[in-house]
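J.: Dropping in my_file_4.cif, which is mmCIF, C-alpha atoms:
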```
data_structure
loop_
_atom_site.label_atom_id
_atom_site.label_comp_id
_atom_site.auth_asym_id
_atom_site.auth_seq_id
_atom_site.Cartn_x
_atom_site.Cartn_y
_atom_site.Cartn_z
CA MET A 2 62.65 144.21 124.57
CA LYS A 3 61.93 145.55 121.08
CA LYS A 4 61.78 149.31 120.59
CA ASN A 5 58.64 150.96 119.22
CA LEU A 6 58.75 152.25 115.65
CA ILE A 7 56.01 154.09 113.76
CA LEU A 8 56.20 153.83 109.99
CA PHE A 9 54.35 156.84 108.62
CA TYR A 10 53.10 156.40 105.06
CA PRO A 11 49.67 158.06 104.79
CA SER A 12 49.17 157.66 101.03
CA PHE A 13 49.76 154.03 100.03
CA GLU A 14 50.01 153.82 96.24
CA ARG A 15 51.32 151.26 93.79
CA GLY A 16 55.01 151.66 93.06
CA GLY A 17 58.58 151.20 94.24
CA VAL A 18 58.24 152.76 97.68
CA GLU A 19 55.51 150.30 98.60
CA LYS A 20 57.86 147.38 97.85
CA ILE A 21 60.53 148.93 100.05
CA LEU A 22 58.01 149.32 102.87
CA GLU A 23 56.86 145.70 102.54
CA ASN A 24 60.44 144.43 102.43
CA LEU A 25 61.39 146.33 105.57
CA ILE A 26 58.38 144.99 107.47
CA GLN A 27 59.09 141.41 106.38
CA ASN A 28 62.75 141.62 107.41
CA ASN A 29 62.29 143.48 110.68
CA LYS A 30 63.79 141.88 113.79
CA GLU A 31 64.60 145.03 115.72
CA PHE A 32 61.35 146.93 116.31
CA LYS A 33 57.72 146.60 117.26
CA ILE A 34 56.18 148.32 114.24
CA SER A 35 53.02 150.39 113.95
CA LEU A 36 52.09 151.40 110.40
CA ILE A 37 50.03 154.52 109.78
CA SER A 38 48.73 154.33 106.22
CA SER A 39 45.66 154.37 103.99
CA ARG A 40 43.17 151.53 103.59
CA SER A 41 44.79 150.30 100.36
CA ALA A 42 47.80 149.15 102.40
CA LYS A 43 45.66 146.28 103.70
CA LYS A 44 45.95 144.51 100.34
CA ASN A 45 49.75 144.52 100.38
CA VAL A 46 51.06 144.32 103.94
CA ASN A 47 51.29 141.32 106.28
CA PHE A 48 49.45 142.56 109.37
CA LYS A 49 50.55 139.60 111.49
CA LYS A 50 53.85 141.40 112.05
CA ILE A 51 52.60 144.94 112.74
CA ASP A 52 49.91 147.11 114.25
CA PHE A 53 47.95 148.94 111.56
CA ILE A 54 46.38 152.38 112.03
CA GLU A 55 44.24 153.46 109.11
CA VAL A 56 44.37 157.04 107.84
CA LYS A 57 40.73 157.98 107.53
CA GLU A 58 39.26 160.98 105.73
CA ILE A 59 38.81 163.32 108.67
CA VAL A 60 39.46 166.56 106.79
CA LYS A 61 37.88 167.14 103.37
CA ILE A 62 38.96 170.18 101.36
CA PRO A 63 37.66 170.62 97.78
CA PHE A 64 40.22 171.10 94.98
CA ILE A 65 43.14 169.93 97.15
CA HIS A 66 45.19 167.04 95.74
CA LYS A 67 44.46 163.77 97.54
CA ARG A 68 48.13 163.29 98.50
CA TYR A 69 48.12 166.60 100.38
CA LEU A 70 44.86 165.66 102.07
CA SER A 71 46.25 162.28 103.07
CA ALA A 72 49.27 164.02 104.60
CA ILE A 73 46.98 166.34 106.61
CA ASN A 74 44.77 163.47 107.77
CA GLY A 75 47.87 161.41 108.50
CA MET A 76 49.14 164.19 110.75
CA ILE A 77 45.90 164.14 112.73
CA ILE A 78 45.98 160.34 113.10
CA LEU A 79 49.65 160.38 114.12
CA TYR A 80 49.05 163.09 116.71
CA ARG A 81 46.08 161.23 118.22
CA TYR A 82 48.00 157.95 118.28
CA LEU A 83 50.96 159.49 120.10
CA LYS A 84 48.64 161.24 122.54
CA LYS A 85 46.77 158.02 123.30
CA ASN A 86 49.86 155.81 123.62
CA LYS A 87 52.34 157.08 126.17
CA LYS A 88 55.12 154.79 124.99
CA LYS A 89 58.37 156.05 123.57
CA PHE A 90 58.18 155.94 119.75
CA LEU A 91 60.66 156.58 117.01
CA ILE A 92 58.88 157.88 113.91
CA HIS A 93 60.08 157.00 110.43
CA SER A 94 58.32 158.80 107.60
CA MET A 95 58.44 156.80 104.37
CA GLN A 96 57.10 159.77 102.43
CA SER A 97 59.18 162.84 101.84
CA ASN A 98 56.54 165.38 102.91
CA VAL A 99 57.09 167.20 106.21
CA ALA A 100 53.84 166.20 107.94
CA ALA A 101 55.42 163.73 110.38
CA ILE A 102 58.26 166.15 111.21
CA ILE A 103 55.74 168.76 112.37
CA ILE A 104 54.03 166.27 114.68
CA SER A 105 57.36 164.99 116.02
CA ILE A 106 58.28 168.56 116.95
CA LEU A 107 54.94 169.08 118.72
CA LYS A 108 55.13 165.77 120.62
CA GLY A 109 58.88 165.62 121.23
CA ASN A 110 59.48 162.37 119.33
CA LYS A 111 62.59 161.62 117.36
CA ILE A 112 62.06 161.27 113.63
CA VAL A 113 63.94 159.88 110.66
CA ILE A 114 62.58 160.86 107.27
CA ARG A 115 63.12 159.02 103.99
CA ASN A 116 63.75 161.16 100.92
CA SER A 117 63.44 159.06 97.76
CA GLU A 118 64.34 161.54 95.03
CA ASN A 119 66.60 164.42 94.15
CA PRO A 120 64.73 167.32 95.81
CA ILE A 121 66.27 170.05 93.66
CA ASP A 122 65.74 168.37 90.28
CA SER A 123 62.22 167.30 91.27
CA PHE A 124 61.44 171.01 91.71
CA PHE A 125 63.00 172.17 88.44
CA TYR A 126 61.28 169.46 86.39
CA SER A 127 57.96 169.43 88.24
CA GLU A 128 54.53 169.45 86.58
CA ASN A 129 53.26 172.14 88.92
CA LYS A 130 55.94 174.71 89.72
CA PHE A 131 53.88 176.51 92.38
CA SER A 132 53.06 173.47 94.51
CA SER A 133 56.60 172.13 94.01
CA PHE A 134 58.05 175.44 95.15
CA ILE A 135 55.94 175.34 98.32
CA SER A 136 56.99 171.73 98.89
CA PHE A 137 60.65 172.59 98.41
CA ILE A 138 60.49 175.54 100.84
CA LEU A 139 58.82 173.33 103.47
CA LYS A 140 61.54 170.69 103.01
CA TYR A 141 64.26 173.35 103.15
CA PHE A 142 62.95 174.48 106.54
CA PHE A 143 61.59 171.34 108.24
CA TYR A 144 64.15 168.77 107.06
CA ASN A 145 66.64 170.54 109.28
CA PHE A 146 64.48 169.58 112.30
CA ALA A 147 64.58 165.87 111.45
CA ASP A 148 66.92 163.80 113.60
CA GLY A 149 68.01 161.70 110.64
CA ILE A 150 67.47 161.51 106.88
CA ILE A 151 67.71 158.38 104.75
CA THR A 152 68.11 158.80 101.01
CA ASN A 153 68.47 156.07 98.40
CA SER A 154 71.47 157.22 96.37
CA ASN A 155 74.67 159.20 96.81
CA GLY A 156 73.49 161.62 94.13
CA SER A 157 70.36 162.44 96.13
CA LYS A 158 72.53 162.77 99.24
CA LYS A 159 74.64 165.43 97.52
CA SER A 160 71.49 167.30 96.53
CA LEU A 161 70.22 167.25 100.14
CA GLU A 162 73.57 168.45 101.47
CA LYS A 163 73.01 171.76 99.67
CA PHE A 164 70.31 172.81 102.14
CA ILE A 165 70.73 170.60 105.23
CA PHE A 166 72.89 172.35 107.84
CA ASN A 167 73.99 169.20 109.67
CA LYS A 168 75.16 167.03 106.80
CA ASP A 169 76.20 164.18 109.13
CA LYS A 170 72.58 163.18 109.72
CA ILE A 171 72.06 162.34 106.02
CA LYS A 172 72.62 158.66 105.27
CA ALA A 173 72.59 157.14 101.78
CA ILE A 174 71.26 153.58 101.93
CA TYR A 175 70.36 151.78 98.73
CA ASN A 176 66.83 150.37 98.60
CA PRO A 177 66.25 146.93 100.17
CA TYR A 178 64.73 145.87 96.87
CA LEU A 179 66.16 142.69 95.37
CA LYS A 180 65.21 139.22 96.64
CA LYS A 181 67.91 137.29 94.78
CA ILE A 182 70.27 137.36 91.83
CA ILE A 183 68.65 135.60 88.85
CA LYS A 184 70.74 132.92 87.13
CA LYS A 185 68.21 131.60 84.63
CA LYS A 186 68.60 132.92 81.09
CA TYR A 187 65.66 133.97 78.91
CA LYS A 188 65.51 134.17 75.14
CA LYS A 189 65.19 137.79 74.08
CA ARG A 190 62.65 139.13 71.62
CA LYS A 191 62.89 142.29 69.59
CA TYR A 192 61.28 144.46 72.24
CA ILE A 193 62.48 147.76 73.62
CA ILE A 194 60.87 148.10 77.04
CA SER A 195 60.26 151.02 79.37
CA ILE A 196 58.56 150.80 82.78
CA GLY A 197 57.34 153.85 84.69
CA ARG A 198 54.47 156.19 85.38
CA LEU A 199 53.33 158.28 82.41
CA ARG A 200 54.29 161.55 84.07
CA LYS A 201 56.57 164.45 83.19
CA GLN A 202 59.41 163.05 85.31
CA LYS A 203 59.71 159.91 83.17
CA ASP A 204 59.83 161.93 79.92
CA HIS A 205 58.26 159.34 77.59
CA GLU A 206 58.02 162.09 74.99
CA THR A 207 61.78 161.89 74.51
CA LEU A 208 61.54 158.09 74.43
CA LEU A 209 58.91 158.14 71.66
CA LYS A 210 60.92 160.61 69.59
CA ALA A 211 64.03 158.48 70.07
CA PHE A 212 62.16 155.33 69.07
CA HIS A 213 60.90 157.14 65.95
CA ILE A 214 64.53 157.74 64.93
CA PHE A 215 65.64 154.26 66.03
CA SER A 216 62.89 152.43 64.12
CA LYS A 217 64.02 153.89 60.78
CA LYS A 218 66.99 151.52 60.92
CA ASN A 219 65.37 148.88 63.15
CA SER A 220 61.84 148.51 61.80
CA GLU A 221 61.36 145.02 63.27
CA TYR A 222 61.45 146.26 66.89
CA LYS A 223 58.45 147.10 69.06
CA LEU A 224 58.38 149.50 71.99
CA LEU A 225 56.56 148.29 75.12
CA ILE A 226 55.57 150.99 77.60
CA LEU A 227 54.37 149.70 80.98
CA GLY A 228 52.73 152.21 83.30
CA HIS A 229 49.84 154.63 83.61
CA GLY A 230 49.52 158.34 84.28
CA ASN A 231 48.04 161.67 83.29
CA LEU A 232 50.02 161.92 80.03
CA GLU A 233 48.68 158.72 78.46
CA ILE A 234 46.37 160.40 75.92
CA LYS A 235 49.02 162.95 74.95
CA LEU A 236 51.67 160.27 74.47
CA LYS A 237 49.39 158.05 72.38
CA LYS A 238 48.64 161.04 70.16
CA LEU A 239 52.37 161.72 69.79
CA ALA A 240 52.92 158.10 68.72
CA ILE A 241 50.26 158.57 66.02
CA ASP A 242 51.77 161.89 64.89
CA LEU A 243 55.20 160.24 64.62
CA LYS A 244 53.60 157.34 62.70
CA ILE A 245 55.01 154.76 65.08
CA HIS A 246 51.73 153.86 66.83
CA LYS A 247 51.64 150.40 65.22
CA LYS A 248 55.00 149.61 66.79
CA VAL A 249 54.32 151.13 70.22
CA VAL A 250 52.28 149.15 72.77
CA PHE A 251 50.95 151.00 75.82
CA LYS A 252 50.26 148.21 78.32
CA GLY A 253 48.98 150.42 81.15
CA TRP A 254 49.66 149.48 84.75
CA VAL A 255 51.02 145.93 84.92
CA LYS A 256 51.32 144.07 88.21
CA ASN A 257 53.90 141.56 87.00
CA THR A 258 56.26 143.69 84.92
CA LEU A 259 58.93 140.96 84.98
CA SER A 260 56.85 138.79 82.64
CA TYR A 261 57.54 141.37 79.92
CA LEU A 262 60.95 142.57 81.05
CA LYS A 263 62.80 139.26 81.04
CA PHE A 264 62.04 138.61 77.35
CA SER A 265 62.96 142.14 76.17
CA LYS A 266 66.09 142.99 74.20
CA ILE A 267 66.98 146.28 75.92
CA PHE A 268 65.56 148.46 78.67
CA VAL A 269 65.34 152.23 78.27
CA LEU A 270 64.93 154.76 81.09
CA SER A 271 64.23 158.27 79.78
CA SER A 272 63.65 160.14 83.07
CA VAL A 273 64.75 163.73 83.68
CA TYR A 274 65.42 162.84 87.33
CA GLU A 275 65.37 159.78 89.56
CA GLY A 276 66.08 158.92 93.17
CA LEU A 277 67.47 155.47 92.48
CA GLY A 278 65.65 153.68 89.65
CA ASN A 279 64.50 150.23 90.82
CA VAL A 280 63.47 149.24 87.29
CA LEU A 281 67.12 149.39 86.20
CA ILE A 282 67.97 146.89 88.94
CA ASP A 283 65.31 144.51 87.64
CA ALA A 284 66.51 144.90 84.04
CA ILE A 285 70.11 144.15 84.95
CA ASN A 286 69.06 141.18 87.05
CA TYR A 287 67.20 139.65 84.09
CA ASP A 288 70.12 140.25 81.69
CA VAL A 289 68.44 143.10 79.80
CA PRO A 290 71.09 145.69 78.77
CA CYS A 291 70.18 149.21 79.83
CA VAL A 292 70.21 152.58 78.11
CA SER A 293 69.41 155.38 80.55
CA THR A 294 69.40 159.12 80.70
CA ASP A 295 72.12 160.39 83.00
CA CYS A 296 70.08 161.68 85.95
CA LYS A 297 73.29 162.24 87.98
CA SER A 298 72.04 160.17 90.91
CA GLY A 299 70.58 156.66 90.93
CA PRO A 300 70.94 155.54 87.28
CA ARG A 301 74.56 156.66 87.15
CA GLU A 302 75.32 154.69 90.31
CA ILE A 303 73.42 151.56 89.25
CA LEU A 304 75.14 151.56 85.85
CA LEU A 305 78.55 152.19 87.44
CA ASN A 306 79.13 155.50 85.64
CA GLY A 307 78.60 153.82 82.26
CA LYS A 308 80.67 150.68 82.85
CA GLY A 309 77.51 148.64 83.39
CA GLY A 310 75.26 150.24 80.77
CA TYR A 311 74.80 153.26 78.55
CA LEU A 312 74.18 156.81 79.79
CA VAL A 313 72.99 159.72 77.64
CA LYS A 314 72.09 163.34 78.24
CA ILE A 315 68.50 163.98 79.36
CA ARG A 316 65.96 165.29 76.84
CA SER A 317 68.11 164.27 73.88
CA PRO A 318 66.06 162.04 71.52
CA LYS A 319 68.82 161.84 68.88
CA LEU A 320 71.49 160.78 71.38
CA LEU A 321 69.12 158.31 73.01
CA ALA A 322 68.24 156.80 69.61
CA GLU A 323 71.91 156.51 68.67
CA LYS A 324 72.70 154.65 71.88
CA MET A 325 69.70 152.35 71.47
CA ASP A 326 70.86 151.56 67.93
CA PHE A 327 74.42 150.95 69.11
CA CYS A 328 73.18 148.68 71.88
CA VAL A 329 71.17 146.36 69.59
CA GLY A 330 73.86 146.48 66.91
CA ASN A 331 76.60 145.55 69.37
CA TYR A 332 74.57 143.28 71.61
CA SER A 333 77.48 141.13 72.76
CA LEU A 334 79.26 144.24 74.07
CA ALA A 335 76.03 145.50 75.67
CA SER A 336 75.55 142.14 77.38
CA LYS A 337 79.10 142.25 78.75
CA LYS A 338 78.39 145.68 80.21
CA ASN A 339 75.24 144.31 81.79
CA LEU A 340 77.21 141.44 83.34
CA ILE A 341 79.56 143.98 84.96
CA ALA A 342 76.54 145.76 86.48
CA LYS A 343 75.02 142.45 87.57
CA LYS A 344 78.11 141.59 89.60
CA SER A 345 77.38 144.67 91.72
CA LEU A 346 73.69 143.92 92.36
CA ARG A 347 74.32 142.59 95.86
CA ARG A 348 74.20 146.26 96.92
CA PHE A 349 70.43 146.08 96.55
CA LEU A 350 69.62 142.74 98.21
CA ILE A 351 66.75 143.01 100.70
CA VAL A 352 68.52 141.21 103.55
CA ASN A 353 71.71 143.29 103.29
CA GLN A 354 70.04 146.67 102.93
CA SER A 355 67.31 146.06 105.52
CA LYS A 356 70.00 145.48 108.12
CA LYS A 357 71.68 148.78 107.20
CA TYR A 358 68.30 150.48 107.37
CA PHE A 359 67.45 149.22 110.86
CA ASP A 360 70.99 149.73 112.17
CA TYR A 361 70.65 153.38 111.22
CA LEU A 362 67.21 153.72 112.79
CA LYS A 363 68.46 152.15 116.06
CA LYS A 364 70.83 155.09 116.47
CA TYR A 365 67.87 157.36 117.14
CA ASN A 366 65.86 155.14 119.47
#
```
Mind turning the file's structure into structure tokens?
T.:
Amino acid sequence: MKKNLILFYPSFERGGVEKILENLIQNNKEFKISLISSRSAKKNVNFKKIDFIEVKEIVKIPFIHKRYLSAINGMIILYRYLKKNKKKFLIHSMQSNVAAIIISILKGNKIVIRNSENPIDSFFYSENKFSSFISFILKYFFYNFADGIITNSNGSKKSLEKFIFNKDKIKAIYNPYLKKIIKKKYKKRKYIISIGRLRKQKDHETLLKAFHIFSKKNSEYKLLILGHGNLEIKLKKLAIDLKIHKKVVFKGWVKNTLSYLKFSKIFVLSSVYEGLGNVLIDAINYDVPCVSTDCKSGPREILLNGKGGYLVKIRSPKLLAEKMDFCVGNYSLASKKNLIAKKSLRRFLIVNQSKKYFDYLKKYN
């Protein structure tokens, strides 16, 4: 008989985590799954394989960020669901907030939490230091009550080990992200591409400054920026101030990013921190050489410490521009590096990593 698993993801938003959630559900053979999430999940998840419990707006508090409210309402829904159903459930929180841990303590359920980013760097480079400080303190305290913790890179694991007392319960499992290794080759155009939310974490400001330097020697290249976020207006103004706005294309949120990625010359990740960096996996898979800031965790691991791509210091426009210039000027060498990284992509295949994921969860059920 299948064991009962609750996937707790109260705020379903577009992005990498949602793909991981969908991939786990599609490849599940071990558990009877109940998903607690927001209404928007209905557009993305196959409900033939799970029970869905919608997080409704029970509590409304003015001036509180919607993600915090969804966590509070998710707690209420989770508590009511556990109270109503007397079965034995393992809870797996796909979001790194502590809401589900609190309920698991109250109801005596075992819980495994997923932490998708470096918790220390995400505090230091946060947009709102106060709320990030509160979040970090809550994690520091409540994460130690979780039965297990899954993180998506060894770098993030090392960061967690600095404040988790029982380090043995932290497990690094790469994202079940990649469907297959792409063999088809695509003709590249003179595009530099970047994919990610227009937020402080992704540091597009450094990217634009680097492209400004890069384009002085490589005027025929365009920069494609795929993603949306609260810094869009500021970044567009910066592009105008740097007089590169005619060469920079802000595409906004794009559902099918691969349609742009596979034809691009190089991919650039300018983040100040990352958990893993799924976009790097896609770039490598479509034979797009990568230049990335060295975030210590995911990008370094994906690019094999520089053997499979180029790593530069964060917040360094000049260094980033130099590496971009070197990459396009020595494209054969850059492509060879990418091929080395591509040979290691099996680490991220959905089938392989889903099995590791569920094998770990079974330990706690």
J.: Which protein, DNA or RNA residues are at most 9 Å from (62.0, 156.2, 111.0) in the file's coordinates when you count only C-alpha atoms, listed as a ChimeraX atom specification?
T.: /A:6-9,91-95,111-115,149-151,359,362,365
J.: What separation in Å, quoted to one decimal, exists between atom CA of A:Leu199 and atom CA of A:Lys163?
T.: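 Distance between the two atoms: 29.4 Å.
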J.: Counting all atoms listed in the file, which of A:Ile138, A:Leu161, A:Ile183, A:Ile104 gets nearest to A:Tyr287?
T.: A:Ile183
J.: Which is closest to A:Lys237 among A:Ser317, A:Phe142, A:His205, A:Ile267, if we use all atoms listed in the file?
T.: A:His205
J.: Give me the result of the PyMOL selection byres ((chain A and resi 17-32) around 9) on this file, residue by residue, as an NGL selection string.
T.: :A and (2-6 or 8 or 10 or 13-16 or 33-34 or 42 or 45-47 or 50-51 or 95-96 or 117 or 176-178 or 278-280 or 351-352 or 355-356 or 358-360 or 363)
J.: Using only C-alpha atoms, which residues sit within 12 Å of A:Lys210 once same-chain residues fewer than 4 positions away are excluded, as a PDB file with C-alpha atoms, in the frame of the given file?
T.:
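This went into selection-v7.pdb:
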```pdb
ATOM      1  CA  ASP A 204      59.830 161.930  79.920  1.00  0.00           C
ATOM      2  CA  HIS A 205      58.260 159.340  77.590  1.00  0.00           C
ATOM      3  CA  GLU A 206      58.020 162.090  74.990  1.00  0.00           C
ATOM      4  CA  ILE A 214      64.530 157.740  64.930  1.00  0.00           C
ATOM      5  CA  PHE A 215      65.640 154.260  66.030  1.00  0.00           C
ATOM      6  CA  SER A 216      62.890 152.430  64.120  1.00  0.00           C
ATOM      7  CA  LYS A 217      64.020 153.890  60.780  1.00  0.00           C
ATOM      8  CA  LEU A 224      58.380 149.500  71.990  1.00  0.00           C
ATOM      9  CA  LEU A 236      51.670 160.270  74.470  1.00  0.00           C
ATOM     10  CA  LEU A 239      52.370 161.720  69.790  1.00  0.00           C
ATOM     11  CA  ALA A 240      52.920 158.100  68.720  1.00  0.00           C
ATOM     12  CA  ILE A 241      50.260 158.570  66.020  1.00  0.00           C
ATOM     13  CA  ASP A 242      51.770 161.890  64.890  1.00  0.00           C
ATOM     14  CA  LEU A 243      55.200 160.240  64.620  1.00  0.00           C
ATOM     15  CA  LYS A 244      53.600 157.340  62.700  1.00  0.00           C
ATOM     16  CA  ILE A 245      55.010 154.760  65.080  1.00  0.00           C
ATOM     17  CA  HIS A 246      51.730 153.860  66.830  1.00  0.00           C
ATOM     18  CA  VAL A 249      54.320 151.130  70.220  1.00  0.00           C
ATOM     19  CA  SER A 271      64.230 158.270  79.780  1.00  0.00           C
ATOM     20  CA  ARG A 316      65.960 165.290  76.840  1.00  0.00           C
ATOM     21  CA  SER A 317      68.110 164.270  73.880  1.00  0.00           C
ATOM     22  CA  PRO A 318      66.060 162.040  71.520  1.00  0.00           C
ATOM     23  CA  LYS A 319      68.820 161.840  68.880  1.00  0.00           C
ATOM     24  CA  LEU A 320      71.490 160.780  71.380  1.00  0.00           C
ATOM     25  CA  LEU A 321      69.120 158.310  73.010  1.00  0.00           C
ATOM     26  CA  ALA A 322      68.240 156.800  69.610  1.00  0.00           C
ATOM     27  CA  GLU A 323      71.910 156.510  68.670  1.00  0.00           C
TER      28      GLU A 323
END
```
J.: Take atom CA of A:Arg347 and atom CA of A:Tyr175 and report the distance between them in Å, one decimal.
T.: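 That distance, rounded to one decimal, is 10.4 Å.
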J.: Step by step, work through what the PyMOL selection byres ((chain A and resi 343) around 10) selects in the shown file, and finish by giving those residues as a ChimeraX atom specification.
T.: /A:182-183,282-288,303-304,309,337-342,344-347
J.: Please measure the separation of atom CA of A:Ser12 and atom CA of A:Leu277, giving the value in Å to one decimal.
T.: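 Those two atoms sit 20.3 Å apart.
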J.: Skip A:Asp122 itself and residues of its chain fewer than 6 positions away, then list as a PDB file with C-alpha atoms, in the frame of the given file all residues within 9 Å of it, counting only C-alpha atoms.
T.:
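Produced file around17.pdb, reproduced below:
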```
ATOM      1  CA  SER A 160      71.490 167.300  96.530  1.00  0.00           C
ATOM      2  CA  VAL A 273      64.750 163.730  83.680  1.00  0.00           C
ATOM      3  CA  TYR A 274      65.420 162.840  87.330  1.00  0.00           C
ATOM      4  CA  GLU A 275      65.370 159.780  89.560  1.00  0.00           C
TER       5      GLU A 275
END
```
J.: So that I can check the surroundings of A:Lys248, please list as a compact mmCIF listing (two decimals) with C-alpha atoms, in the coordinates of the input every protein, DNA and RNA residue that reaches within 10 Å of it, counting all atoms listed in the file and ignoring chain neighbours fewer than 6 positions away.
T.:
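That gives us around_13.txt:
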```txt
# COMPACT_ATOMS: atom_id res chain seq x y z
CA TYR A 192 61.28 144.46 72.24
CA PHE A 212 62.16 155.33 69.07
CA HIS A 213 60.90 157.14 65.95
CA SER A 216 62.89 152.43 64.12
CA SER A 220 61.84 148.51 61.80
CA GLU A 221 61.36 145.02 63.27
CA TYR A 222 61.45 146.26 66.89
CA LYS A 223 58.45 147.10 69.06
CA LEU A 224 58.38 149.50 71.99
CA LEU A 225 56.56 148.29 75.12
CA ALA A 240 52.92 158.10 68.72
```
J.: For A:Trp254, find every residue with an atom within 9 Å (counting all atoms listed in the file), except residues of its own chain fewer than 2 positions away, and show them as an MDAnalysis selection string.
T.: chainID A and resid 197:198 227:230 252 256 258
J.: Write a file of the selected residues as a PDB file, in the frame of the given file, keeping C-alpha atoms.
T.:
```pdb
ATOM      1  CA  GLY A 197      57.340 153.850  84.690  1.00  0.00           C
ATOM      2  CA  ARG A 198      54.470 156.190  85.380  1.00  0.00           C
ATOM      3  CA  LEU A 227      54.370 149.700  80.980  1.00  0.00           C
ATOM      4  CA  GLY A 228      52.730 152.210  83.300  1.00  0.00           C
ATOM      5  CA  HIS A 229      49.840 154.630  83.610  1.00  0.00           C
ATOM      6  CA  GLY A 230      49.520 158.340  84.280  1.00  0.00           C
ATOM      7  CA  LYS A 252      50.260 148.210  78.320  1.00  0.00           C
ATOM      8  CA  LYS A 256      51.320 144.070  88.210  1.00  0.00           C
ATOM      9  CA  THR A 258      56.260 143.690  84.920  1.00  0.00           C
TER      10      THR A 258
END
```
J.: So what does the PyMOL selection byres ((chain A and resi 73) around 12) actually pick up in this one, as a CSV table (one decimal) with C-alpha atoms, in the frame of the given file?
T.:
```csv
chain,number,residue,atom,x,y,z
A,10,TYR,CA,53.1,156.4,105.1
A,11,PRO,CA,49.7,158.1,104.8
A,12,SER,CA,49.2,157.7,101.0
A,56,VAL,CA,44.4,157.0,107.8
A,57,LYS,CA,40.7,158.0,107.5
A,58,GLU,CA,39.3,161.0,105.7
A,59,ILE,CA,38.8,163.3,108.7
A,60,VAL,CA,39.5,166.6,106.8
A,61,LYS,CA,37.9,167.1,103.4
A,62,ILE,CA,39.0,170.2,101.4
A,65,ILE,CA,43.1,169.9,97.2
A,66,HIS,CA,45.2,167.0,95.7
A,67,LYS,CA,44.5,163.8,97.5
A,68,ARG,CA,48.1,163.3,98.5
A,69,TYR,CA,48.1,166.6,100.4
A,70,LEU,CA,44.9,165.7,102.1
A,71,SER,CA,46.2,162.3,103.1
A,72,ALA,CA,49.3,164.0,104.6
A,74,ASN,CA,44.8,163.5,107.8
A,75,GLY,CA,47.9,161.4,108.5
A,76,MET,CA,49.1,164.2,110.8
A,77,ILE,CA,45.9,164.1,112.7
A,78,ILE,CA,46.0,160.3,113.1
A,79,LEU,CA,49.6,160.4,114.1
A,80,TYR,CA,49.0,163.1,116.7
A,98,ASN,CA,56.5,165.4,102.9
A,99,VAL,CA,57.1,167.2,106.2
A,100,ALA,CA,53.8,166.2,107.9
A,101,ALA,CA,55.4,163.7,110.4
A,103,ILE,CA,55.7,168.8,112.4
A,104,ILE,CA,54.0,166.3,114.7
```
J.: Just checking: using only C-alpha atoms, which residue out of A:Lys203, A:Arg348, A:Arg81, A:Lys181 ends up closest to A:Thr294?
T.: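 Using only C-alpha atoms, A:Thr294 sits closest to A:Lys203.
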J.: Which one of A:Gly109, A:Asn167, A:Asp295, A:Asn129 sits closest to A:Phe90 if you count all atoms listed in the file?
T.: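 Closest to A:Phe90, using all atoms listed in the file: A:Gly109.
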J.: Which polymer residues, whether protein, DNA or RNA, lie within 12 Å of the coordinate (75.7, 155.3, 71.3) when you count all atoms listed in the file? List them as a ChimeraX atom specification, using the chain letters and numbers from the file.
T.: /A:215,291-294,307,310-314,318-331,334-335
J.: Of the residues A:Lys191, A:Lys263, A:Arg301, A:Lys84, which is the one nearest to A:Gly276, using all atoms listed in the file?
T.: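 Smallest distance to A:Gly276 is found for A:Arg301.
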J.: For A:Lys188, find every residue with an atom within 9 Å (counting all atoms listed in the file), except residues of its own chain fewer than 4 positions away, and show them as a PDB file with C-alpha atoms, in the frame of the given file.
T.:
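Listed below is the output, selection.pdb:
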```pdb
ATOM      1  CA  LYS A 263      62.800 139.260  81.040  1.00  0.00           C
ATOM      2  CA  PHE A 264      62.040 138.610  77.350  1.00  0.00           C
ATOM      3  CA  SER A 265      62.960 142.140  76.170  1.00  0.00           C
ATOM      4  CA  LYS A 266      66.090 142.990  74.200  1.00  0.00           C
TER       5      LYS A 266
END
```
